[in-house]
Every structure is written in C-alpha cells, then in structure tokens.
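File shown here: protein-v9.txt, holding compact mmCIF, C-alpha atoms and all ligand atoms.
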# COMPACT_ATOMS: atom_id res chain seq x y z
CA MET L 1 53.41 12.92 -36.76
CA LYS L 2 55.15 16.23 -36.11
CA VAL L 3 53.84 18.60 -33.42
CA ASN L 4 54.68 22.30 -33.21
CA HIS L 5 53.60 24.65 -30.45
CA TYR L 6 53.66 28.35 -31.15
CA ILE L 7 53.42 29.49 -27.54
CA LYS L 8 52.98 33.21 -28.10
CA GLU L 9 50.30 32.86 -30.78
CA LYS L 10 48.71 29.90 -28.95
CA ILE L 11 48.73 27.85 -32.14
CA LEU L 12 49.09 24.08 -32.15
CA GLU L 13 50.24 22.71 -35.48
CA ILE L 14 50.01 19.00 -36.18
CA GLU L 15 51.62 17.66 -39.31
CA LEU L 16 50.30 14.17 -39.96
CA THR L 17 52.67 11.89 -41.82
CA GLU L 18 51.02 8.49 -41.47
CA GLU L 19 48.23 6.83 -43.45
CA ILE L 20 44.90 7.64 -41.79
CA ASP L 21 42.67 4.61 -41.28
CA HIS L 22 40.81 2.98 -38.40
CA HIS L 23 44.03 1.31 -37.20
CA SER L 24 46.17 4.46 -37.08
CA SER L 25 43.52 7.01 -36.13
CA GLU L 26 43.25 5.82 -32.52
CA LYS L 27 46.87 6.71 -31.78
CA ILE L 28 46.64 9.99 -33.68
CA ARG L 29 43.49 10.94 -31.76
CA LEU L 30 45.06 10.29 -28.35
CA ARG L 31 48.15 12.33 -29.20
CA ILE L 32 46.28 15.35 -30.60
CA ASP L 33 43.81 15.40 -27.71
CA TYR L 34 46.68 15.23 -25.23
CA GLU L 35 48.32 18.25 -26.90
CA ILE L 36 45.05 20.22 -26.98
CA GLN L 37 44.35 19.50 -23.31
CA ARG L 38 47.76 20.54 -22.13
CA PHE L 39 48.00 23.64 -24.29
CA SER L 40 44.43 24.97 -24.81
CA PRO L 41 45.37 26.45 -28.20
CA LYS L 42 43.43 29.28 -29.81
CA LYS L 43 43.89 27.51 -33.07
CA VAL L 44 44.66 23.93 -34.01
CA ILE L 45 46.09 23.38 -37.48
CA ILE L 46 46.09 19.88 -38.95
CA ASP L 47 48.38 19.72 -41.96
CA LEU L 48 47.64 16.87 -44.38
CA SER L 49 50.31 17.57 -47.00
CA LYS L 50 52.28 14.40 -46.14
CA VAL L 51 49.29 12.08 -45.88
CA LYS L 52 49.32 9.52 -48.69
CA PHE L 53 46.17 7.64 -47.72
CA MET L 54 42.99 8.51 -45.87
CA ASP L 55 39.62 6.77 -45.66
CA SER L 56 36.44 7.62 -43.75
CA ALA L 57 38.36 7.32 -40.48
CA GLY L 58 39.86 10.70 -41.38
CA ILE L 59 36.42 12.32 -41.41
CA GLY L 60 35.64 11.04 -37.91
CA LEU L 61 39.09 12.05 -36.71
CA ILE L 62 38.74 15.62 -37.97
CA ILE L 63 35.18 16.14 -36.70
CA GLY L 64 36.25 14.73 -33.34
CA ARG L 65 39.28 17.05 -33.06
CA TYR L 66 37.09 19.99 -34.11
CA LYS L 67 34.82 19.27 -31.15
CA VAL L 68 37.73 18.91 -28.72
CA ALA L 69 39.40 22.11 -29.97
CA LEU L 70 36.10 23.94 -29.58
CA SER L 71 35.57 22.64 -26.04
CA TYR L 72 38.99 24.09 -25.10
CA GLY L 73 38.03 27.46 -26.55
CA GLY L 74 39.84 27.16 -29.87
CA THR L 75 39.18 26.64 -33.57
CA LEU L 76 40.37 24.05 -36.07
CA GLU L 77 41.81 24.48 -39.52
CA VAL L 78 42.76 21.67 -41.90
CA ARG L 79 45.52 22.60 -44.29
CA ASN L 80 47.10 21.36 -47.52
CA VAL L 81 44.31 19.01 -48.51
CA SER L 82 45.00 17.55 -51.94
CA GLY L 83 42.69 16.07 -54.58
CA LYS L 84 41.67 12.64 -53.32
CA LEU L 85 41.53 13.66 -49.64
CA LYS L 86 39.45 16.67 -50.60
CA LYS L 87 36.97 14.44 -52.41
CA ILE L 88 36.44 12.37 -49.27
CA LEU L 89 36.14 15.34 -46.90
CA GLU L 90 33.71 17.20 -49.14
CA MET L 91 31.53 14.14 -49.60
CA SER L 92 30.83 14.25 -45.85
CA GLY L 93 29.96 17.95 -45.89
CA ILE L 94 32.41 18.83 -43.09
CA HIS L 95 33.90 21.65 -45.17
CA LYS L 96 30.68 23.51 -44.40
CA ILE L 97 31.59 23.75 -40.71
CA ILE L 98 35.36 23.31 -40.64
CA ASN L 99 37.88 25.55 -42.38
CA ILE L 100 39.49 23.30 -45.01
CA LYS L 101 42.28 24.77 -47.09
CA THR L 102 43.05 22.84 -50.24
CA VAL L 103 46.03 22.65 -52.57
CA ALA L 104 45.88 22.00 -56.29
CA MET C 105 30.77 -13.87 -71.35
CA LYS C 106 33.47 -11.83 -69.66
CA ASP C 107 36.94 -13.30 -70.04
CA LEU C 108 38.35 -14.14 -66.58
CA LYS C 109 42.06 -13.27 -66.47
CA ASN C 110 43.00 -13.94 -62.88
CA GLU C 111 41.45 -14.69 -59.51
CA LEU C 112 42.49 -14.27 -55.87
CA LYS C 113 41.24 -15.46 -52.49
CA LEU C 114 42.47 -14.00 -49.24
CA GLU C 115 41.44 -14.70 -45.67
CA PHE C 116 42.67 -12.98 -42.52
CA LEU C 117 41.70 -12.30 -38.91
CA SER C 118 39.71 -9.15 -38.16
CA LYS C 119 42.66 -7.25 -36.67
CA SER C 120 42.93 -3.56 -37.50
CA ALA C 121 46.58 -4.03 -38.49
CA ASN C 122 45.28 -5.99 -41.50
CA GLU C 123 43.43 -2.97 -42.96
CA SER C 124 46.53 -1.60 -44.69
CA PHE C 125 47.69 -5.09 -45.64
CA ALA C 126 44.37 -5.84 -47.37
CA ARG C 127 44.15 -2.63 -49.39
CA VAL C 128 47.80 -2.85 -50.49
CA ALA C 129 47.41 -6.53 -51.48
CA ILE C 130 44.32 -5.85 -53.61
CA ALA C 131 45.93 -2.77 -55.17
CA ALA C 132 48.94 -4.90 -56.15
CA PHE C 133 46.63 -7.54 -57.64
CA ALA C 134 44.65 -4.88 -59.54
CA SER C 135 47.85 -3.42 -60.97
CA GLN C 136 47.89 -6.38 -63.41
CA LEU C 137 45.21 -4.47 -65.32
CA ASP C 138 47.49 -1.44 -65.61
CA PRO C 139 45.09 0.98 -63.87
CA THR C 140 45.71 4.71 -63.50
CA ILE C 141 47.00 6.07 -60.21
CA GLU C 142 43.56 7.46 -59.49
CA GLU C 143 41.88 4.11 -60.17
CA ILE C 144 44.31 2.37 -57.80
CA SER C 145 43.63 4.98 -55.15
CA ASP C 146 39.85 4.52 -55.50
CA ILE C 147 40.22 0.73 -55.15
CA LYS C 148 42.47 1.07 -52.09
CA THR C 149 40.04 3.37 -50.33
CA SER C 150 37.01 1.18 -51.11
CA VAL C 151 38.75 -2.01 -49.90
CA SER C 152 39.81 -0.20 -46.75
CA GLU C 153 36.19 0.85 -46.10
CA ALA C 154 34.74 -2.63 -46.57
CA VAL C 155 37.44 -4.40 -44.54
CA THR C 156 37.21 -1.86 -41.72
CA ASN C 157 33.46 -2.38 -41.60
CA CYS C 158 33.98 -6.11 -41.04
CA ILE C 159 36.45 -5.41 -38.24
CA ILE C 160 34.38 -2.75 -36.46
CA HIS C 161 30.79 -3.76 -37.12
CA ALA C 162 30.74 -7.47 -37.93
CA TYR C 163 32.96 -8.57 -35.05
CA PRO C 164 32.65 -5.80 -32.43
CA ASN C 165 33.56 -7.91 -29.39
CA SER C 166 35.48 -10.79 -30.87
CA GLU C 167 37.75 -11.77 -33.71
CA GLY C 168 36.55 -13.46 -36.85
CA TRP C 169 37.61 -14.12 -40.40
CA VAL C 170 37.43 -11.59 -43.20
CA LYS C 171 37.40 -13.02 -46.72
CA ILE C 172 38.29 -11.30 -49.96
CA HIS C 173 37.59 -12.85 -53.34
CA SER C 174 38.67 -10.82 -56.33
CA LYS C 175 38.42 -11.43 -60.06
CA LEU C 176 40.20 -9.67 -62.87
CA TYR C 177 38.59 -9.42 -66.30
CA GLU C 178 39.94 -7.78 -69.45
CA ASN C 179 39.16 -4.26 -68.21
CA GLU C 180 37.34 -4.72 -64.94
CA ILE C 181 38.02 -5.76 -61.37
CA GLU C 182 35.44 -7.37 -59.11
CA ILE C 183 36.01 -7.51 -55.35
CA GLU C 184 33.89 -9.44 -52.88
CA ILE C 185 34.51 -8.81 -49.16
CA SER C 186 32.63 -10.91 -46.65
CA ASP C 187 32.37 -11.76 -42.97
CA THR C 188 30.37 -14.17 -40.83
CA GLY C 189 29.61 -11.59 -38.17
CA GLU C 190 26.56 -9.76 -36.84
CA GLY C 191 24.94 -8.78 -40.12
CA ILE C 192 22.93 -5.66 -41.04
CA GLU C 193 19.28 -5.31 -40.15
CA ASN C 194 18.30 -2.60 -42.63
CA ILE C 195 20.65 -2.41 -45.61
CA ASP C 196 18.96 0.57 -47.28
CA GLU C 197 19.31 2.59 -44.10
CA ALA C 198 22.94 1.47 -43.59
CA ARG C 199 23.82 2.69 -47.11
CA GLU C 200 22.50 6.20 -46.48
CA PRO C 201 25.20 8.87 -46.18
CA LEU C 202 26.02 9.73 -42.53
CA TYR C 203 24.13 6.73 -41.15
CA THR C 204 26.21 5.02 -38.47
CA THR C 205 25.54 2.79 -35.48
CA LYS C 206 28.98 3.62 -34.04
CA GLY C 207 28.93 7.43 -33.73
CA ASN C 208 30.44 7.04 -30.25
CA LEU C 209 33.57 5.57 -31.87
CA GLU C 210 33.99 8.63 -34.11
CA ARG C 211 32.66 6.87 -37.18
CA SER C 212 31.08 9.19 -39.72
CA GLY C 213 28.72 6.89 -41.61
CA MET C 214 30.40 7.59 -44.95
CA GLY C 215 31.92 4.18 -45.73
CA PHE C 216 29.22 2.88 -48.07
CA THR C 217 28.85 6.30 -49.71
CA ILE C 218 32.60 6.36 -50.44
CA MET C 219 32.57 2.80 -51.88
CA GLU C 220 29.58 3.70 -54.03
CA SER C 221 31.19 6.82 -55.40
CA PHE C 222 34.70 5.37 -55.95
CA MET C 223 33.58 2.11 -57.57
CA ASP C 224 31.23 1.55 -60.53
CA SER C 225 28.89 -0.79 -58.69
CA LEU C 226 28.22 -1.82 -55.10
CA LYS C 227 26.01 -4.66 -53.90
CA VAL C 228 25.39 -5.33 -50.21
CA GLU C 229 23.88 -8.60 -48.99
CA SER C 230 23.42 -9.41 -45.33
CA ILE C 231 21.61 -11.71 -42.95
CA VAL C 232 21.43 -10.79 -39.27
CA GLY C 233 23.43 -13.29 -37.23
CA LEU C 234 25.05 -14.84 -40.30
CA GLY C 235 27.13 -12.13 -41.88
CA THR C 236 27.56 -9.62 -44.68
CA LYS C 237 28.91 -9.71 -48.22
CA VAL C 238 29.84 -6.60 -50.16
CA THR C 239 30.50 -6.95 -53.89
CA MET C 240 31.96 -4.08 -55.84
CA SER C 241 33.37 -3.68 -59.30
CA LYS C 242 35.26 -1.08 -61.24
CA LYS C 243 36.05 -0.66 -64.93
CA ILE C 244 39.74 -0.06 -65.51
CA ARG C 245 41.08 2.19 -68.26
CA LYS C 246 37.68 2.49 -69.85
CA GLY C 247 38.69 5.65 -71.71
N1 LIG L 301 30.25 -5.78 -42.35
C1 LIG L 301 29.29 -5.22 -41.59
N2 LIG L 301 28.67 -5.96 -40.60
C2 LIG L 301 27.70 -5.41 -39.84
N3 LIG L 301 27.24 -4.14 -39.97
C3 LIG L 301 27.81 -3.36 -40.93
C4 LIG L 301 28.85 -3.86 -41.78
N4 LIG L 301 29.19 -2.87 -42.65
C5 LIG L 301 28.41 -1.81 -42.34
N5 LIG L 301 27.57 -2.09 -41.30
C6 LIG L 301 26.54 -1.17 -40.75
O1 LIG L 301 26.28 -0.15 -41.68
C7 LIG L 301 26.52 1.14 -41.10
C8 LIG L 301 27.07 2.09 -42.16
O2 LIG L 301 28.35 1.68 -42.62
P1 LIG L 301 29.34 2.79 -43.19
O3 LIG L 301 30.63 2.15 -43.53
O4 LIG L 301 28.65 3.56 -44.27
O5 LIG L 301 29.52 3.80 -41.95
P2 LIG L 301 30.35 3.56 -40.60
O6 LIG L 301 31.24 2.38 -40.75
O7 LIG L 301 29.41 3.54 -39.46
O8 LIG L 301 31.25 4.90 -40.52
P3 LIG L 301 32.54 5.21 -41.45
O9 LIG L 301 32.66 4.14 -42.47
O10 LIG L 301 32.30 6.55 -42.05
O11 LIG L 301 33.67 5.24 -40.52
C9 LIG L 301 27.46 0.87 -39.94
O12 LIG L 301 27.39 1.87 -38.95
C10 LIG L 301 27.00 -0.50 -39.46
O13 LIG L 301 25.87 -0.36 -38.62
MG MG L 302 32.50 2.13 -42.36
For this file, produce the structure as structure tokens.
Ligand SMILES: Nc1ncnc2c1ncn2[C@@H]1O[C@H](COP(=O)(O)OP(=O)(O)OP(=O)(O)O)[C@@H](O)[C@H]1O
Ligand SMILES: [Mg+2]
Amino acid sequence: MKVNHYIKEKILEIELTEEIDHHSSEKIRLRIDYEIQRFSPKKVIIDLSKVKFMDSAGIGLIIGRYKVALSYGGTLEVRNVSGKLKKILEMSGIHKIINIKTVA
Amino acid sequence: MKDLKNELKLEFLSKSANESFARVAIAAFASQLDPTIEEISDIKTSVSEAVTNCIIHAYPNSEGWVKIHSKLYENEIEIEISDTGEGIENIDEAREPLYTTKGNLERSGMGFTIMESFMDSLKVESIVGLGTKVTMSKKIRKG
C-alpha cells in the first residue's frame, strides 16, 4: 500500500497494491482509517490500478471507508477500476452512491 | 456419463491466511483444463467467497476444518466446499443479494451472489449445528 498526502489540497491518496480479501482487508482498513483520522481529508482517493485480486471483502472495505471519510467531512473516490473489479463493485450497487472511475 | 479426468481433495484449518492458498491451489488444478484468464479469475473469486464464508460464518469463535473436493471433467470443473460449523437457518434468505448476518464486520452480503454469477451452477446445502456444503460448477472453454 502506498499513501500520499496532498496537504494543501487536503487530499489523501491510497494506492492499494495487495490482493483484497477477508485476510488482507483488516490491515488495509486499520491503515486507511488511521490516515483519515489524523488528516481529515476533503477527499480520499483509493486507487485500485495495482490490485490483481478482489472479492466481496473489497465491497465492504470501500463502503466502510466511504462512511469513515464522510464522518470526517470528506468524500471518497475509487479510481482505476478495471474489468473484473468493476463487475464485482457494480453487482453490489455501490457505484450508485460512491464515485467509481473505471479504466478500459 | 461425464468422463472424470482428475480429482482433488484438500483440507485445511479455518485460518484467514488460507483464503489465498485455497483459491490459488484450485486455480492451478483448474488450469489442467486450459481455461481462459477470465474463467480462472471467476473460479478464484468464487472459491475465495466460499472458503471465506466457512472461516467467518461457520466457525465464528473457533477453528475448524474446511474441505474442498474438486473434480475435472472434459470441459467442466466441479468444486465442493464444506464445513462442519454452525450451518444456515434459511438458505433462500442467505442467498439473497445484500443479505448478511455480519454487517458489523463490514461484510456486504454479496458472496453467494458473486458465486452464482461467476459460476454456471451453485447448490447450497446446510443443516444448523452440523455444517454447510456449497457445490458449484463451471463449463470451461465452452465456446
Ligand atoms: N459456510 C457458512 N456457514 C454458516 N453460515 C453461512 C455460510 N456461508 C454463508 N452463510 C450465511 O449466509 C449469509 C450470506 O452469505 P454471503 O457470502 O452472501 O454474504 P456475507 O458473507 O455475509 O458477506 P460478503 O460475502 O459479501 O462478505 C452470511 O451472512 C451467513 O449468515
Ligand atoms: Mg461471504
């Protein structure tokens, strides 16, 4: 996982690099929430371009971070979502409430 | 009669570290049928869902055994994933999209829906107090 703070713009960018499943999502969750709490970003960006595997744990992870970002006065955007990840996220309907930007 | 080409049995403790092991092992076994990348990805995700369910729901406060029994046919894979855990009271309800009994743990209730959509068939059998068995199959290279 790579974390970038853009202090002036109050943007927190998280580039996930690991496989997202039940096992890994716990650690990812703790780290992102820690960064949100200490930084109160206006916008949290989760970049999925390097994620090679994601199951339903990813849906819970993203909805959960959306709620945390919101409670700290920010928004959440999910970026670089490719084919198979997109299929899973759209099945859950979360693209109707969370800004999901896809890639071909 | 379908022609059985190969068969595998796998048993492991319900530790979350085994989720990636299980999906990679079954994907490697399935590769004997020369599936497409997309087919492999669908199988990996479905195995991950079923195994995770055993770990989270079947054995919530303890450790138990998760069993996988897979069969390869000419152009089809069958995967049975079972536990001897808590069981499911209402299977129809459990299979509904967004239904979860573990919302507090950030589960989304999409596991069964994902298995159903990524595989060609999904059967769920369960007895409360005895355990759950999920059987799924997928045609490989049907085109
Ligand atoms: N092996 C199992 N043993 C006992 N109960 C199960 C088992 N598998 C599923 N269930 C029950 O069925 C419900 C739905 O399962 P499903 O996988 O669709 O969603 P989830 O696991 O709750 O969330 P998600 O898979 O999206 O993280 C679970 O919440 C649980 O109550
Ligand atoms: Mg599940």
Per-residue nearest contacts of chain C to ligand LIG 301 (chain L) (7 Å; all atoms listed in the file) as a tab-separated table:
residue	atom	partner	partner_atom	distance
C:Glu153	CA	L:LIG301	O9	6.0
C:Ala154	CA	L:LIG301	N4	6.8
C:Asn157	CA	L:LIG301	N4	4.4
C:Cys158	CA	L:LIG301	N1	4.0
C:His161	CA	L:LIG301	C2	4.4
C:Ala162	CA	L:LIG301	N2	3.7
C:Asp187	CA	L:LIG301	N1	6.4
C:Gly189	CA	L:LIG301	N2	6.2
C:Glu190	CA	L:LIG301	C2	5.4
C:Gly191	CA	L:LIG301	C2	4.4
C:Ile192	CA	L:LIG301	N3	4.7
C:Ala198	CA	L:LIG301	O1	4.2
C:Arg199	CA	L:LIG301	O4	5.7
C:Pro201	CA	L:LIG301	O4	6.6
C:Leu202	CA	L:LIG301	O5	6.9
C:Tyr203	CA	L:LIG301	C8	5.6
C:Thr204	CA	L:LIG301	O12	3.4
C:Thr205	CA	L:LIG301	O12	4.0
C:Lys206	CA	L:LIG301	O7	5.4
C:Gly207	CA	L:LIG301	O7	6.9
C:Arg211	CA	L:LIG301	O11	3.9
C:Ser212	CA	L:LIG301	O10	3.7
C:Gly213	CA	L:LIG301	O5	3.2
C:Met214	CA	L:LIG301	O10	3.6
C:Gly215	CA	L:LIG301	O3	3.3
C:Phe216	CA	L:LIG301	O4	3.9
C:Thr217	CA	L:LIG301	O4	6.1
C:Gly235	CA	L:LIG301	N2	6.5
C:Thr236	CA	L:LIG301	N1	5.2
Next, the residues of the selection above should be written as a tab-separated table (two decimals), keeping the file's coordinate frame with C-alpha atoms.
chain	number	residue	atom	x	y	z
C	153	GLU	CA	36.19	0.85	-46.10
C	154	ALA	CA	34.74	-2.63	-46.57
C	157	ASN	CA	33.46	-2.38	-41.60
C	158	CYS	CA	33.98	-6.11	-41.04
C	161	HIS	CA	30.79	-3.76	-37.12
C	162	ALA	CA	30.74	-7.47	-37.93
C	187	ASP	CA	32.37	-11.76	-42.97
C	189	GLY	CA	29.61	-11.59	-38.17
C	190	GLU	CA	26.56	-9.76	-36.84
C	191	GLY	CA	24.94	-8.78	-40.12
C	192	ILE	CA	22.93	-5.66	-41.04
C	198	ALA	CA	22.94	1.47	-43.59
C	199	ARG	CA	23.82	2.69	-47.11
C	201	PRO	CA	25.20	8.87	-46.18
C	202	LEU	CA	26.02	9.73	-42.53
C	203	TYR	CA	24.13	6.73	-41.15
C	204	THR	CA	26.21	5.02	-38.47
C	205	THR	CA	25.54	2.79	-35.48
C	206	LYS	CA	28.98	3.62	-34.04
C	207	GLY	CA	28.93	7.43	-33.73
C	211	ARG	CA	32.66	6.87	-37.18
C	212	SER	CA	31.08	9.19	-39.72
C	213	GLY	CA	28.72	6.89	-41.61
C	214	MET	CA	30.40	7.59	-44.95
C	215	GLY	CA	31.92	4.18	-45.73
C	216	PHE	CA	29.22	2.88	-48.07
C	217	THR	CA	28.85	6.30	-49.71
C	235	GLY	CA	27.13	-12.13	-41.88
C	236	THR	CA	27.56	-9.62	-44.68
Write out as JSON lines a residue-level contact list of chain L versus chain C with cut-off 12 Å: for each qualifying residue the closest pair of atoms and the distance in Å to one decimal, counting all atoms listed in the file, rows sorted by chain and residue number upward.
{"residue": "L:Glu18", "atom": "CA", "partner": "C:Ser124", "partner_atom": "CA", "distance": 11.5}
{"residue": "L:Glu19", "atom": "CA", "partner": "C:Ser124", "partner_atom": "CA", "distance": 8.7}
{"residue": "L:Ile20", "atom": "CA", "partner": "C:Ser124", "partner_atom": "CA", "distance": 9.8}
{"residue": "L:Asp21", "atom": "CA", "partner": "C:Glu123", "partner_atom": "CA", "distance": 7.8}
{"residue": "L:His22", "atom": "CA", "partner": "C:Thr156", "partner_atom": "CA", "distance": 6.9}
{"residue": "L:His23", "atom": "CA", "partner": "C:Ser120", "partner_atom": "CA", "distance": 5.0}
{"residue": "L:Ser24", "atom": "CA", "partner": "C:Ala121", "partner_atom": "CA", "distance": 8.6}
{"residue": "L:Ser25", "atom": "CA", "partner": "C:Glu210", "partner_atom": "CA", "distance": 9.9}
{"residue": "L:Glu26", "atom": "CA", "partner": "C:Leu209", "partner_atom": "CA", "distance": 9.7}
{"residue": "L:Arg29", "atom": "CA", "partner": "C:Glu210", "partner_atom": "CA", "distance": 10.1}
{"residue": "L:Lys52", "atom": "CA", "partner": "C:Ser145", "partner_atom": "CA", "distance": 9.7}
{"residue": "L:Phe53", "atom": "CA", "partner": "C:Thr149", "partner_atom": "CA", "distance": 7.9}
{"residue": "L:Met54", "atom": "CA", "partner": "C:Thr149", "partner_atom": "CA", "distance": 7.4}
{"residue": "L:Asp55", "atom": "CA", "partner": "C:Thr149", "partner_atom": "CA", "distance": 5.8}
{"residue": "L:Ser56", "atom": "CA", "partner": "C:Gly215", "partner_atom": "CA", "distance": 6.0}
{"residue": "L:Ala57", "atom": "CA", "partner": "C:Arg211", "partner_atom": "CA", "distance": 6.6}
{"residue": "L:Gly58", "atom": "CA", "partner": "C:Ser212", "partner_atom": "CA", "distance": 9.1}
{"residue": "L:Ile59", "atom": "CA", "partner": "C:Ser212", "partner_atom": "CA", "distance": 6.4}
{"residue": "L:Gly60", "atom": "CA", "partner": "C:Glu210", "partner_atom": "CA", "distance": 4.8}
{"residue": "L:Leu61", "atom": "CA", "partner": "C:Glu210", "partner_atom": "CA", "distance": 6.7}
{"residue": "L:Ile62", "atom": "CA", "partner": "C:Glu210", "partner_atom": "CA", "distance": 9.3}
{"residue": "L:Ile63", "atom": "CA", "partner": "C:Glu210", "partner_atom": "CA", "distance": 8.0}
{"residue": "L:Gly64", "atom": "CA", "partner": "C:Glu210", "partner_atom": "CA", "distance": 6.6}
{"residue": "L:Arg65", "atom": "CA", "partner": "C:Glu210", "partner_atom": "CA", "distance": 10.0}
{"residue": "L:Tyr66", "atom": "CA", "partner": "C:Glu210", "partner_atom": "CA", "distance": 11.8}
{"residue": "L:Lys67", "atom": "CA", "partner": "C:Glu210", "partner_atom": "CA", "distance": 11.1}
{"residue": "L:Gly83", "atom": "CA", "partner": "C:Glu142", "partner_atom": "CA", "distance": 9.9}
{"residue": "L:Lys84", "atom": "CA", "partner": "C:Ser145", "partner_atom": "CA", "distance": 8.1}
{"residue": "L:Leu85", "atom": "CA", "partner": "C:Thr149", "partner_atom": "CA", "distance": 10.4}
{"residue": "L:Lys87", "atom": "CA", "partner": "C:Ile218", "partner_atom": "CA", "distance": 9.4}
{"residue": "L:Ile88", "atom": "CA", "partner": "C:Ile218", "partner_atom": "CA", "distance": 7.2}
{"residue": "L:Leu89", "atom": "CA", "partner": "C:Met214", "partner_atom": "CA", "distance": 9.8}
{"residue": "L:Glu90", "atom": "CA", "partner": "C:Ile218", "partner_atom": "CA", "distance": 11.0}
{"residue": "L:Met91", "atom": "CA", "partner": "C:Ile218", "partner_atom": "CA", "distance": 7.9}
{"residue": "L:Ser92", "atom": "CA", "partner": "C:Met214", "partner_atom": "CA", "distance": 6.7}
{"residue": "L:Gly93", "atom": "CA", "partner": "C:Leu202", "partner_atom": "CA", "distance": 9.7}
{"residue": "L:Ile94", "atom": "CA", "partner": "C:Ser212", "partner_atom": "CA", "distance": 10.3}
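Between CA of Arg79 (chain L) and CA of Lys96 (chain L) the separation is 14.9 Å.
Minimum atom-to-atom distances from C:Glu229, C:Glu143, C:Glu200, C:Asp107 to ligand MG 302 (chain L) were compared using all atoms listed in the file, and the lowest value belongs to C:Glu200.
Proximity ranking of C:Val232, C:Leu226, C:Met219, C:Leu114 relative to ligand MG 302 (chain L) places C:Met219 first, based on only C-alpha atoms and all ligand atoms.
Closest approach to Glu220 (chain C) among C:Ile147, C:Ile244, C:Leu176, C:Ile181: C:Ile147, based on all atoms listed in the file.
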- Restricting the calculation to all atoms listed in the file, which member of C:Val228, C:Val170, C:Val155, C:Leu112 is positioned closest to ligand MG 302 (chain L)? C:Val155
- Message: For a test of reading the model, state the distance in Å between CA of His173 (chain C) and CA of Ile144 (chain C), rounded to one decimal.
- Response: 17.2 Å
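Here the residues that fall within 8 Å of (38.0, -8.0, -68.0), using all atoms listed in the file, are given as Lys106, Asp107, Leu108, Lys109, Leu176, Tyr177, Glu178, Asn179, Glu180 and Ile181 of chain C.
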- Item | Atomic separation - CA of Lys2 (chain L) relative to CA of Leu70 (chain L), Å | 21.6 Å
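Counting all atoms listed in the file and comparing C:Ala132, C:Ile141, C:Met223, C:Ile231, the residue that lies closest to Glu182 (chain C) is C:Met223.
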- Note on the structure: Min atom-atom distance to Gly73 (chain L) from the set L:His5, L:Lys42, L:Arg31, L:Lys10, counting all atoms listed in the file, belongs to L:Lys42
